[in-house]
$ cat query_3.cif   # mmCIF, C-alpha atoms
data_final
#
loop_
_atom_site.label_atom_id
_atom_site.label_comp_id
_atom_site.auth_asym_id
_atom_site.auth_seq_id
_atom_site.Cartn_x
_atom_site.Cartn_y
_atom_site.Cartn_z
CA MET D 1 -28.15 -18.00 -10.97
CA ALA D 2 -25.82 -15.05 -10.65
CA HIS D 3 -23.43 -15.07 -7.73
CA PHE D 4 -21.76 -12.19 -5.99
CA ALA D 5 -18.76 -12.45 -3.67
CA ALA D 6 -19.28 -11.06 -0.18
CA LEU D 7 -16.71 -10.54 2.56
CA VAL D 8 -17.96 -12.55 5.56
CA GLY D 9 -14.87 -13.06 7.75
CA LEU D 10 -11.75 -11.12 8.76
CA GLY D 11 -8.73 -12.06 10.84
CA SER D 12 -5.17 -10.92 11.41
CA TYR D 13 -1.99 -11.91 13.18
CA LEU D 14 1.18 -10.06 14.16
CA PRO D 15 4.27 -11.84 15.46
CA PRO D 16 4.85 -10.88 19.10
CA ARG D 17 8.17 -9.06 18.79
CA ARG D 18 7.46 -5.33 18.52
CA VAL D 19 10.37 -3.27 17.21
CA THR D 20 10.25 0.44 18.01
CA ASN D 21 11.95 3.29 16.18
CA GLU D 22 14.08 3.78 19.28
CA GLU D 23 15.42 0.23 18.96
CA LEU D 24 16.14 0.73 15.25
CA ALA D 25 17.95 3.98 16.03
CA THR D 26 20.48 1.91 17.98
CA MET D 27 21.01 -0.38 14.96
CA PHE D 28 21.12 2.14 12.12
CA ASP D 29 22.50 5.61 11.53
CA THR D 30 19.13 7.28 12.02
CA SER D 31 16.86 8.65 14.75
CA ALA D 32 13.42 7.63 15.98
CA GLU D 33 12.10 11.06 15.03
CA TRP D 34 13.56 10.91 11.51
CA ILE D 35 11.74 7.61 10.88
CA ALA D 36 8.48 8.94 12.33
CA THR D 37 8.44 12.20 10.35
CA ARG D 38 9.44 10.59 7.02
CA THR D 39 7.10 7.59 7.24
CA GLY D 40 4.61 7.97 10.09
CA ILE D 41 5.86 4.62 11.43
CA ARG D 42 6.58 4.32 15.16
CA ALA D 43 6.76 0.54 15.52
CA ARG D 44 6.56 -2.64 13.49
CA HIS D 45 6.58 -6.36 14.32
CA TRP D 46 9.30 -8.76 13.20
CA ALA D 47 8.97 -12.52 13.26
CA ALA D 48 11.44 -14.50 15.35
CA PRO D 49 14.14 -16.50 13.54
CA GLY D 50 12.59 -19.77 12.40
CA VAL D 51 9.14 -18.27 11.87
CA ALA D 52 8.12 -18.27 8.20
CA THR D 53 5.36 -16.64 6.18
CA SER D 54 3.15 -19.77 6.33
CA ASP D 55 3.23 -19.65 10.14
CA LEU D 56 1.73 -16.16 10.14
CA ALA D 57 -0.68 -17.07 7.31
CA VAL D 58 -2.04 -20.07 9.22
CA GLU D 59 -2.77 -17.90 12.27
CA ALA D 60 -4.51 -15.18 10.27
CA GLY D 61 -6.39 -17.74 8.15
CA HIS D 62 -7.59 -19.54 11.27
CA ARG D 63 -8.90 -16.29 12.72
CA ALA D 64 -10.67 -15.27 9.50
CA LEU D 65 -12.40 -18.66 9.30
CA LYS D 66 -13.46 -18.28 12.93
CA SER D 67 -14.79 -14.79 12.20
CA ALA D 68 -16.85 -16.32 9.34
CA ASN D 69 -18.09 -19.11 11.65
CA LEU D 70 -16.46 -21.73 9.47
CA PRO D 71 -14.85 -24.91 10.85
CA LEU D 72 -11.26 -26.02 10.20
CA GLU D 73 -12.26 -29.00 8.09
CA PRO D 74 -12.45 -30.11 4.46
CA GLY D 75 -15.30 -28.40 2.66
CA ALA D 76 -15.12 -25.21 4.73
CA VAL D 77 -13.73 -23.37 1.71
CA ASP D 78 -13.21 -24.28 -1.95
CA ALA D 79 -9.95 -22.39 -2.43
CA VAL D 80 -7.10 -20.75 -0.55
CA VAL D 81 -5.40 -17.77 -2.20
CA LEU D 82 -2.26 -16.42 -0.55
CA ALA D 83 -0.68 -13.11 -1.54
CA THR D 84 2.97 -12.83 -0.57
CA THR D 85 6.36 -11.49 -1.62
CA THR D 86 8.10 -13.74 0.88
CA PRO D 87 6.97 -17.33 0.24
CA ASP D 88 8.42 -20.06 2.47
CA HIS D 89 10.30 -21.43 -0.58
CA PRO D 90 10.90 -20.31 -4.19
CA CYS D 91 9.07 -23.57 -5.05
CA PRO D 92 6.40 -24.72 -4.30
CA ALA D 93 3.81 -22.07 -3.48
CA THR D 94 3.00 -21.49 0.18
CA ALA D 95 -0.82 -21.62 -0.09
CA PRO D 96 -1.13 -25.44 -0.37
CA GLN D 97 0.84 -25.88 2.84
CA VAL D 98 -1.34 -23.29 4.59
CA ALA D 99 -4.51 -25.05 3.38
CA ALA D 100 -3.22 -28.41 4.61
CA ARG D 101 -2.15 -27.06 8.01
CA LEU D 102 -5.56 -25.43 8.47
CA GLY D 103 -7.19 -28.82 7.84
CA LEU D 104 -9.03 -27.54 4.78
CA GLY D 105 -8.43 -30.70 2.73
CA THR D 106 -7.35 -30.92 -0.88
CA VAL D 107 -8.77 -27.59 -2.04
CA ALA D 108 -7.37 -25.42 -4.82
CA ALA D 109 -4.54 -23.38 -3.32
CA TYR D 110 -2.18 -20.93 -4.99
CA ASP D 111 0.00 -17.91 -4.35
CA ILE D 112 -0.38 -14.47 -5.88
CA ALA D 113 2.80 -12.47 -6.48
CA ALA D 114 1.95 -8.78 -6.81
CA VAL D 115 4.14 -7.51 -3.94
CA CYS D 116 2.32 -4.79 -1.94
CA SER D 117 -0.71 -4.96 -4.26
CA GLY D 118 -0.99 -8.70 -3.63
CA PHE D 119 -4.00 -8.62 -1.36
CA VAL D 120 -6.14 -6.63 -3.81
CA TYR D 121 -5.03 -8.93 -6.65
CA ALA D 122 -5.90 -11.98 -4.53
CA LEU D 123 -9.26 -10.49 -3.57
CA ALA D 124 -10.03 -9.81 -7.24
CA THR D 125 -9.08 -13.36 -8.26
CA ALA D 126 -11.02 -14.99 -5.43
CA SER D 127 -14.04 -12.80 -6.10
CA ALA D 128 -13.92 -13.77 -9.78
CA GLN D 129 -13.80 -17.49 -8.88
CA ILE D 130 -17.01 -17.02 -6.93
CA THR D 131 -18.83 -14.95 -9.54
CA ALA D 132 -17.77 -17.51 -12.18
CA GLY D 133 -19.35 -20.26 -10.09
CA GLN D 134 -16.02 -22.07 -9.53
CA ALA D 135 -16.09 -21.65 -5.76
CA ARG D 136 -18.65 -20.90 -3.05
CA ARG D 137 -16.23 -19.86 -0.31
CA VAL D 138 -12.61 -18.71 -0.63
CA LEU D 139 -10.03 -17.92 2.04
CA VAL D 140 -7.86 -14.96 0.93
CA ILE D 141 -4.68 -14.32 2.90
CA GLY D 142 -1.98 -11.65 2.69
CA ALA D 143 1.10 -12.72 4.67
CA GLU D 144 4.66 -11.43 4.76
CA THR D 145 7.96 -11.82 6.57
CA TYR D 146 9.89 -8.91 5.05
CA SER D 147 12.34 -9.15 7.93
CA THR D 148 13.79 -12.14 6.01
CA ILE D 149 14.60 -10.07 2.89
CA LEU D 150 15.61 -6.71 4.36
CA ASN D 151 19.18 -5.60 3.80
CA PRO D 152 20.73 -4.88 7.21
CA ALA D 153 23.01 -2.36 5.47
CA ASP D 154 20.05 -0.39 4.04
CA ARG D 155 18.42 1.76 6.67
CA THR D 156 15.91 3.24 4.24
CA THR D 157 14.10 -0.08 3.76
CA SER D 158 14.94 -1.66 7.12
CA VAL D 159 12.99 0.94 9.09
CA ILE D 160 9.89 0.74 6.89
CA PHE D 161 8.86 -2.89 6.65
CA GLY D 162 7.19 -5.15 9.18
CA ASP D 163 5.92 -8.74 9.29
CA GLY D 164 2.31 -9.81 9.68
CA ALA D 165 -0.69 -11.49 8.10
CA GLY D 166 -4.31 -10.68 7.47
CA ALA D 167 -7.09 -12.73 5.89
CA VAL D 168 -10.67 -12.53 4.74
CA VAL D 169 -13.29 -15.09 3.75
CA LEU D 170 -15.38 -14.44 0.65
CA ARG D 171 -18.68 -16.26 0.18
CA ALA D 172 -21.16 -16.53 -2.69
CA VAL D 173 -24.36 -14.61 -2.12
CA PRO D 174 -27.34 -14.22 -4.47
CA ASP D 175 -27.82 -10.45 -4.33
CA ALA D 176 -25.48 -7.56 -5.10
CA ASP D 177 -26.99 -5.12 -2.61
CA ARG D 178 -25.97 -7.15 0.42
CA PRO D 179 -23.29 -5.51 2.61
CA GLY D 180 -19.84 -7.02 2.05
CA VAL D 181 -20.30 -7.68 -1.67
CA ILE D 182 -17.24 -6.78 -3.72
CA LEU D 183 -18.86 -4.23 -6.03
CA GLY D 184 -15.93 -3.83 -8.36
CA VAL D 185 -12.18 -4.11 -8.75
CA ASP D 186 -9.56 -2.35 -10.84
CA LEU D 187 -6.11 -3.83 -11.44
CA GLY D 188 -3.10 -2.56 -13.36
CA SER D 189 0.64 -2.93 -13.90
CA ASP D 190 3.65 -1.27 -15.51
CA GLY D 191 6.50 -3.74 -15.94
CA SER D 192 8.69 -1.11 -17.61
CA ARG D 193 9.37 0.22 -14.10
CA GLN D 194 10.10 -3.12 -12.42
CA ASP D 195 13.49 -1.83 -11.26
CA LEU D 196 11.91 0.54 -8.73
CA ILE D 197 11.07 -2.32 -6.35
CA THR D 198 13.05 -5.54 -6.73
CA ILE D 199 15.13 -8.35 -5.32
CA PRO D 200 17.69 -8.47 -8.15
CA ALA D 201 19.04 -12.01 -7.59
CA GLY D 202 17.55 -15.40 -6.75
CA GLY D 203 15.44 -15.86 -9.89
CA SER D 204 16.09 -17.26 -13.36
CA ARG D 205 17.54 -13.92 -14.52
CA GLU D 206 20.47 -14.53 -12.18
CA ARG D 207 22.03 -16.90 -14.76
CA SER D 208 22.26 -14.05 -17.27
CA THR D 209 25.15 -12.59 -15.27
CA PRO D 210 28.26 -14.77 -15.12
CA GLY D 211 29.73 -15.69 -11.75
CA GLU D 212 28.27 -15.65 -8.29
CA PRO D 213 25.69 -12.93 -7.59
CA ASP D 214 26.57 -10.07 -5.31
CA PRO D 215 25.23 -11.07 -1.87
CA GLN D 216 23.62 -7.61 -1.66
CA ASP D 217 21.44 -8.55 -4.64
CA ARG D 218 19.63 -11.15 -2.52
CA TYR D 219 17.96 -8.36 -0.59
CA PHE D 220 14.87 -6.25 -1.24
CA THR D 221 15.56 -2.84 -2.78
CA MET D 222 13.28 0.14 -3.36
CA GLN D 223 13.74 3.60 -4.88
CA GLY D 224 11.61 5.34 -2.30
CA LYS D 225 11.01 8.77 -3.81
CA LYS D 226 10.09 7.47 -7.26
CA VAL D 227 7.84 4.88 -5.63
CA PHE D 228 6.13 7.58 -3.55
CA ALA D 229 5.11 9.54 -6.65
CA GLU D 230 4.10 6.46 -8.66
CA ALA D 231 2.07 5.16 -5.71
CA VAL D 232 -0.02 8.31 -5.35
CA ASN D 233 -0.49 8.76 -9.10
CA ARG D 234 -1.38 5.12 -9.83
CA MET D 235 -3.61 4.56 -6.79
CA GLY D 236 -5.32 7.86 -7.55
CA GLU D 237 -6.02 6.89 -11.17
CA SER D 238 -7.09 3.36 -10.27
CA ALA D 239 -9.39 4.45 -7.46
CA THR D 240 -10.94 7.15 -9.63
CA ALA D 241 -11.59 4.68 -12.47
CA LEU D 242 -13.17 2.21 -10.05
CA LEU D 243 -15.37 4.78 -8.33
CA ASP D 244 -16.61 5.89 -11.72
CA ARG D 245 -17.47 2.28 -12.66
CA VAL D 246 -19.19 1.56 -9.33
CA GLY D 247 -21.08 4.84 -9.47
CA TRP D 248 -19.83 6.25 -6.17
CA PRO D 249 -18.97 9.97 -6.14
CA ALA D 250 -15.43 10.25 -4.69
CA GLY D 251 -16.70 12.27 -1.75
CA SER D 252 -19.09 9.47 -0.75
CA VAL D 253 -16.28 7.12 0.30
CA ASP D 254 -16.45 6.80 4.09
CA HIS D 255 -13.19 4.90 4.59
CA LEU D 256 -10.16 4.96 2.32
CA VAL D 257 -8.17 1.84 3.18
CA GLY D 258 -4.95 2.37 1.28
CA HIS D 259 -1.86 0.19 1.33
CA GLN D 260 -0.08 1.19 4.53
CA ALA D 261 3.31 2.18 3.14
CA ASN D 262 3.81 5.67 4.47
CA ILE D 263 1.40 8.07 6.16
CA ARG D 264 2.44 10.83 3.79
CA ILE D 265 1.39 8.70 0.80
CA LEU D 266 -1.99 8.07 2.46
CA LYS D 267 -2.47 11.80 3.04
CA ALA D 268 -1.44 12.69 -0.51
CA LEU D 269 -3.81 10.04 -1.85
CA ALA D 270 -6.74 11.34 0.21
CA GLN D 271 -6.00 14.81 -1.13
CA ARG D 272 -5.82 13.51 -4.70
CA LEU D 273 -9.24 11.89 -4.30
CA GLY D 274 -10.68 15.00 -2.66
CA LEU D 275 -11.31 13.22 0.65
CA PRO D 276 -10.65 14.68 4.11
CA GLU D 277 -7.49 13.13 5.58
CA GLU D 278 -9.44 11.62 8.47
CA ARG D 279 -11.27 9.29 6.07
CA ALA D 280 -7.98 7.47 5.48
CA VAL D 281 -7.66 4.42 7.74
CA VAL D 282 -4.18 4.47 9.27
CA ASN D 283 -2.31 1.78 11.17
CA VAL D 284 1.09 2.13 9.50
CA ASP D 285 2.21 3.88 12.70
CA ARG D 286 1.87 0.61 14.63
CA VAL D 287 2.76 -2.09 12.07
CA GLY D 288 4.90 -0.41 9.40
CA ASN D 289 4.61 -1.49 5.79
CA THR D 290 3.52 -5.14 5.82
CA SER D 291 3.18 -5.34 2.02
CA ALA D 292 0.47 -7.84 0.99
CA ALA D 293 -0.77 -8.10 4.59
CA SER D 294 -1.32 -4.39 5.03
CA ILE D 295 -4.93 -3.95 3.89
CA PRO D 296 -6.48 -6.79 5.93
CA LEU D 297 -4.37 -5.72 8.93
CA ALA D 298 -5.67 -2.16 8.59
CA LEU D 299 -9.25 -3.44 8.24
CA SER D 300 -8.86 -5.60 11.35
CA ASP D 301 -7.50 -2.66 13.33
CA ALA D 302 -10.38 -0.42 12.24
CA VAL D 303 -13.00 -3.05 13.09
CA ALA D 304 -11.38 -3.66 16.49
CA ALA D 305 -11.37 0.09 17.14
CA GLY D 306 -15.04 0.32 16.19
CA THR D 307 -14.35 2.88 13.48
CA LEU D 308 -15.62 0.78 10.56
CA PRO D 309 -19.40 0.53 10.98
CA SER D 310 -21.53 -1.81 8.95
CA GLY D 311 -22.97 -0.12 5.88
CA SER D 312 -20.13 2.35 5.34
CA ARG D 313 -18.56 2.71 1.92
CA VAL D 314 -15.05 1.27 1.85
CA LEU D 315 -12.47 1.81 -0.88
CA LEU D 316 -9.41 -0.46 -0.81
CA THR D 317 -6.41 0.64 -2.85
CA ALA D 318 -2.90 -0.71 -3.13
CA PHE D 319 0.35 -0.17 -5.00
CA GLY D 320 3.49 -2.26 -5.14
CA GLY D 321 6.41 -3.74 -7.01
CA GLY D 322 5.87 -4.85 -10.57
CA LEU D 323 4.82 -2.14 -10.73
CA THR D 324 1.31 -3.23 -9.79
CA TRP D 325 -1.71 -1.47 -8.39
CA GLY D 326 -5.34 -2.16 -7.69
CA ALA D 327 -8.52 -1.03 -6.01
CA ALA D 328 -11.70 -2.65 -4.73
CA ALA D 329 -14.99 -1.23 -3.47
CA LEU D 330 -17.43 -2.70 -0.99
CA THR D 331 -20.03 -1.71 1.56
CA TRP D 332 -18.76 -2.85 4.93
CA PRO D 333 -20.55 -5.92 6.33
CA ASP D 334 -21.60 -6.61 9.90
CA LEU D 335 -18.80 -8.78 11.27
CA SER D 336 -16.34 -8.98 14.10
CA ALA D 337 -12.65 -9.39 13.31
CA ALA D 338 -10.77 -12.19 15.04
CA MET W 1 4.56 39.30 -15.52
CA SER W 2 1.25 38.22 -17.07
CA THR W 3 -1.87 37.85 -14.92
CA GLN W 4 -1.79 34.14 -15.61
CA THR W 5 1.81 33.82 -14.43
CA GLN W 6 1.01 35.93 -11.37
CA THR W 7 -1.97 33.71 -10.49
CA LEU W 8 0.03 30.49 -10.77
CA THR W 9 2.83 32.06 -8.72
CA ASP W 10 0.37 33.04 -5.98
CA GLN W 11 -1.17 29.57 -5.97
CA LEU W 12 2.24 27.94 -5.59
CA LEU W 13 3.41 30.36 -2.90
CA LYS W 14 0.27 29.59 -0.93
CA MET W 15 0.70 25.84 -1.41
CA MET W 16 4.32 25.92 -0.26
CA THR W 17 3.65 27.97 2.88
CA VAL W 18 0.23 26.65 3.96
CA GLN W 19 0.63 23.00 3.07
CA TYR W 20 4.34 22.25 3.09
CA GLY W 21 5.68 24.44 5.88
CA ALA W 22 7.80 26.86 3.86
CA PRO W 23 8.49 30.18 5.66
CA GLU W 24 5.92 32.97 5.10
CA ASP W 25 8.50 35.33 3.63
CA ILE W 26 9.53 33.19 0.67
CA THR W 27 9.33 34.70 -2.80
CA ALA W 28 9.07 33.20 -6.27
CA GLY W 29 12.84 33.42 -6.44
CA THR W 30 13.66 31.64 -3.18
CA SER W 31 15.62 28.50 -4.00
CA PHE W 32 13.94 25.25 -2.91
CA ASP W 33 17.32 24.17 -1.56
CA ALA W 34 17.31 27.14 0.85
CA LEU W 35 13.97 26.17 2.41
CA ASP W 36 15.36 23.45 4.68
CA LEU W 37 12.45 21.13 3.83
CA ASP W 38 12.76 17.42 4.40
CA SER W 39 13.70 15.34 1.39
CA LEU W 40 10.18 14.06 0.73
CA VAL W 41 8.54 17.47 0.44
CA ILE W 42 9.61 18.11 -3.15
CA VAL W 43 8.18 14.70 -4.06
CA GLU W 44 4.93 15.63 -2.32
CA VAL W 45 4.81 18.94 -4.16
CA ALA W 46 5.39 17.21 -7.51
CA VAL W 47 2.54 14.80 -6.74
CA ALA W 48 0.26 17.63 -5.59
CA LEU W 49 0.97 19.64 -8.75
CA THR W 50 0.25 16.56 -10.88
CA GLY W 51 -3.12 16.19 -9.17
CA ARG W 52 -4.02 19.85 -9.16
CA TYR W 53 -3.09 20.76 -12.73
CA GLY W 54 -3.54 17.39 -14.46
CA VAL W 55 -0.03 17.25 -15.97
CA ASP W 56 2.83 14.93 -15.03
CA VAL W 57 5.33 16.71 -12.80
CA THR W 58 8.33 14.86 -11.39
CA GLU W 59 10.65 15.51 -8.49
CA GLU W 60 13.58 15.79 -10.91
CA GLU W 61 11.79 18.52 -12.87
CA LEU W 62 11.15 20.51 -9.70
CA HIS W 63 14.80 20.27 -8.64
CA GLU W 64 15.75 21.51 -12.10
CA ALA W 65 13.17 24.31 -11.90
CA GLY W 66 14.85 25.31 -8.66
CA ASP W 67 12.26 27.74 -7.28
CA ILE W 68 8.64 28.78 -7.66
CA ALA W 69 9.30 31.03 -10.64
CA GLY W 70 10.99 28.11 -12.40
CA THR W 71 8.11 25.81 -11.46
CA VAL W 72 5.55 28.24 -12.87
CA ALA W 73 7.53 28.33 -16.13
CA LEU W 74 7.61 24.53 -16.11
CA LEU W 75 3.84 24.30 -15.63
CA GLU W 76 3.20 26.88 -18.34
CA ALA W 77 5.46 24.95 -20.71
CA LYS W 78 3.29 21.90 -20.02
CA GLY W 79 0.23 23.86 -21.08
CA VAL W 80 -1.12 24.71 -17.62
CA ARG W 81 -3.35 27.77 -17.45
CA ALA W 82 -4.32 29.21 -14.10
#
$ encode --input "query_3.cif" --output "C-alpha cells"
Amino acid sequence: MAHFAALVGLGSYLPPRRVTNEELATMFDTSAEWIATRTGIRARHWAAPGVATSDLAVEAGHRALKSANLPLEPGAVDAVVLATTTPDHPCPATAPQVAARLGLGTVAAYDIAAVCSGFVYALATASAQITAGQARRVLVIGAETYSTILNPADRTTSVIFGDGAGAVVLRAVPDADRPGVILGVDLGSDGSRQDLITIPAGGSRERSTPGEPDPQDRYFTMQGKKVFAEAVNRMGESATALLDRVGWPAGSVDHLVGHQANIRILKALAQRLGLPEERAVVNVDRVGNTSAASIPLALSDAVAAGTLPSGSRVLLTAFGGGLTWGAAALTWPDLSAA
Amino acid sequence: MSTQTQTLTDQLLKMMTVQYGAPEDITAGTSFDALDLDSLVIVEVAVALTGRYGVDVTEEELHEAGDIAGTVALLEAKGVRA
C-alpha cells in the first residue's frame, strides 16, 4: 500500500531571554533603527549560558508530540530527525540524546546539517522515510543556539541571529488528498560557494593550516549581500520548480513560509514569485534569523495568530550555508500548535 | 537613443523611484552613489532585475554600471530587449 507523509503535529520553543535592538545598540556600534530597516528584526531570543541546542529541541519536540496527541514513550515515533548548525557536540549527533530525553526509546535518530535550509532537508528526509515504508511516524526538529557561535566583534551577524526550536510530527496516511500531506519537495546545493556562509575552523580542514587557528575563525561568518542575492535567486528557482511539479499556479499559494532571514529577502522573494507581499508569513521581526528553527517557528506563530487556516496552500522555502536550498508544498492541516 | 533603450530606461527610472525610494527628479545619468540609498538597495535592484528580465545581474555589475544609463547598457549587452 502506498503511504504519504502528513504533518499532524507542530510545536515550538523560544528561550525566555528576549534581546531587543535597543539592547544590542548598547553593545555594538549600531542603532536600533539601523537594524530594523536593514533586516526587519526588532527582537530575538538568546539562550542563557549553559543552555544547549538539545535543551531547546527537547522542549519543541515535546510540544509537537503533544500537538499530535502522541505520548512520550517508546513507539510514539519511529525516528527523530534534528536539523541544526549548532549541535551540542561535534560528535556525536544531538538527535539521539533528544530522543532519549523525550523517552522515545531506541529509535533511529540523526542530525541533518544543511544550515538554514536544515528544516526543509529534514522534512524531505523524514517524509521519504515514511513514503518508503521505513517509518510510520517521525519527529522532525529544527533547533539552534546561534548565540554560541556569533562573533561578538561582528555586529553584522550578531544583530541578525536568534536561538529557538520548532518541530513537527509526520505520520503515514493512505491518501494523498488529505490535508497536511507533503505533496512535493525540491532540494539543491552549490558547494562552490561554501565560503559565503561558514565557520572556518573547528573541522578536519583546520589541520591543513599549520599552527593554532585564529580564534576569530571559530565563529560564524556570512557575506550578507552576496547571500541576499543568492537566497532570492535560489529560493525563487526552487519554489518555481516545485510549484510546477505539484501543479499549483504560483498565484494559488496562500501562504509563503520562507526562511526568516531578513524581511527584505521575504519581500523580494514574494515579488519574484508574483505573490502579494502579505502572503509572506513573517515573524523575523520577533525572533530574528533562527536558521534551521525558523520555518517551524514561523508556522507556529501563524497558527497561534489564527492566520493559517486548514485547507490553505502552504509553500515552505529555505536557503542557507552550503550553499543549500529547498522547498516543500502542503495543504495546511487542521491542528493546534503547542 | 533607440526606442528600446528609451523603454528600458523608463522602466528602470520607474522602478528606482516607485519601488526603491529614489528621488522623483533622478535622470538616467544620476549616479547611484548620489542617491543616498541604504546599502542593501543595490542588491535588491540587482535581484529585481534578474527576476524581471531573466538574466543574471549582480550587485558588483550595478556598481560598475554606476547609473541607470549604464545599467540599461549592461542589460542590453546581456541580450535584454524591452
$ residues_around --input "query_3.cif" --residues "Glu237 in chain D" --least-positions-apart "3" --cutoff "12 Å" --atoms "only C-alpha atoms" --output "ChimeraX atom specification"
/D:186-188,230-234,240-244,250,269,272-273,317-319,325-327 /W:50-51,54
$ residues_near_point --input "query_3.cif" --point "(-2.7, -14.2, -12.1)" --cutoff "10 Å" --atoms "all atoms listed in the file" --output "list in words"
Tyr110, Asp111, Ile112, Ala113, Ala114, Tyr121, Ala122, Ala124 and Thr125 of chain D
$ closest_residue --input "query_3.cif" --among "D:Asn262, D:Ser294, D:Ser252, D:Asn21" --to "Arg279 in chain D" --atoms "all atoms listed in the file"
D:Ser252
$ closest_residue --input "query_3.cif" --among "W:Ala73, W:Ala82, W:Leu35, W:Met16" --to "Gln4 in chain W" --atoms "all atoms listed in the file"
W:Ala82
$ resolve_selection --input "query_3.cif" --expression "the PyMOL selection byres ((chain W and resi 75) around 12)" --output "MDAnalysis selection string"
chainID W and resid 4:5 8:9 12 46 49:50 52:58 61:62 65 68:74 76:82
$ closest_residue --input "query_3.cif" --among "D:Ala268, D:Ile130, D:Ala79, D:Leu297" --to "chain W" --atoms "all atoms listed in the file"
D:Ala268
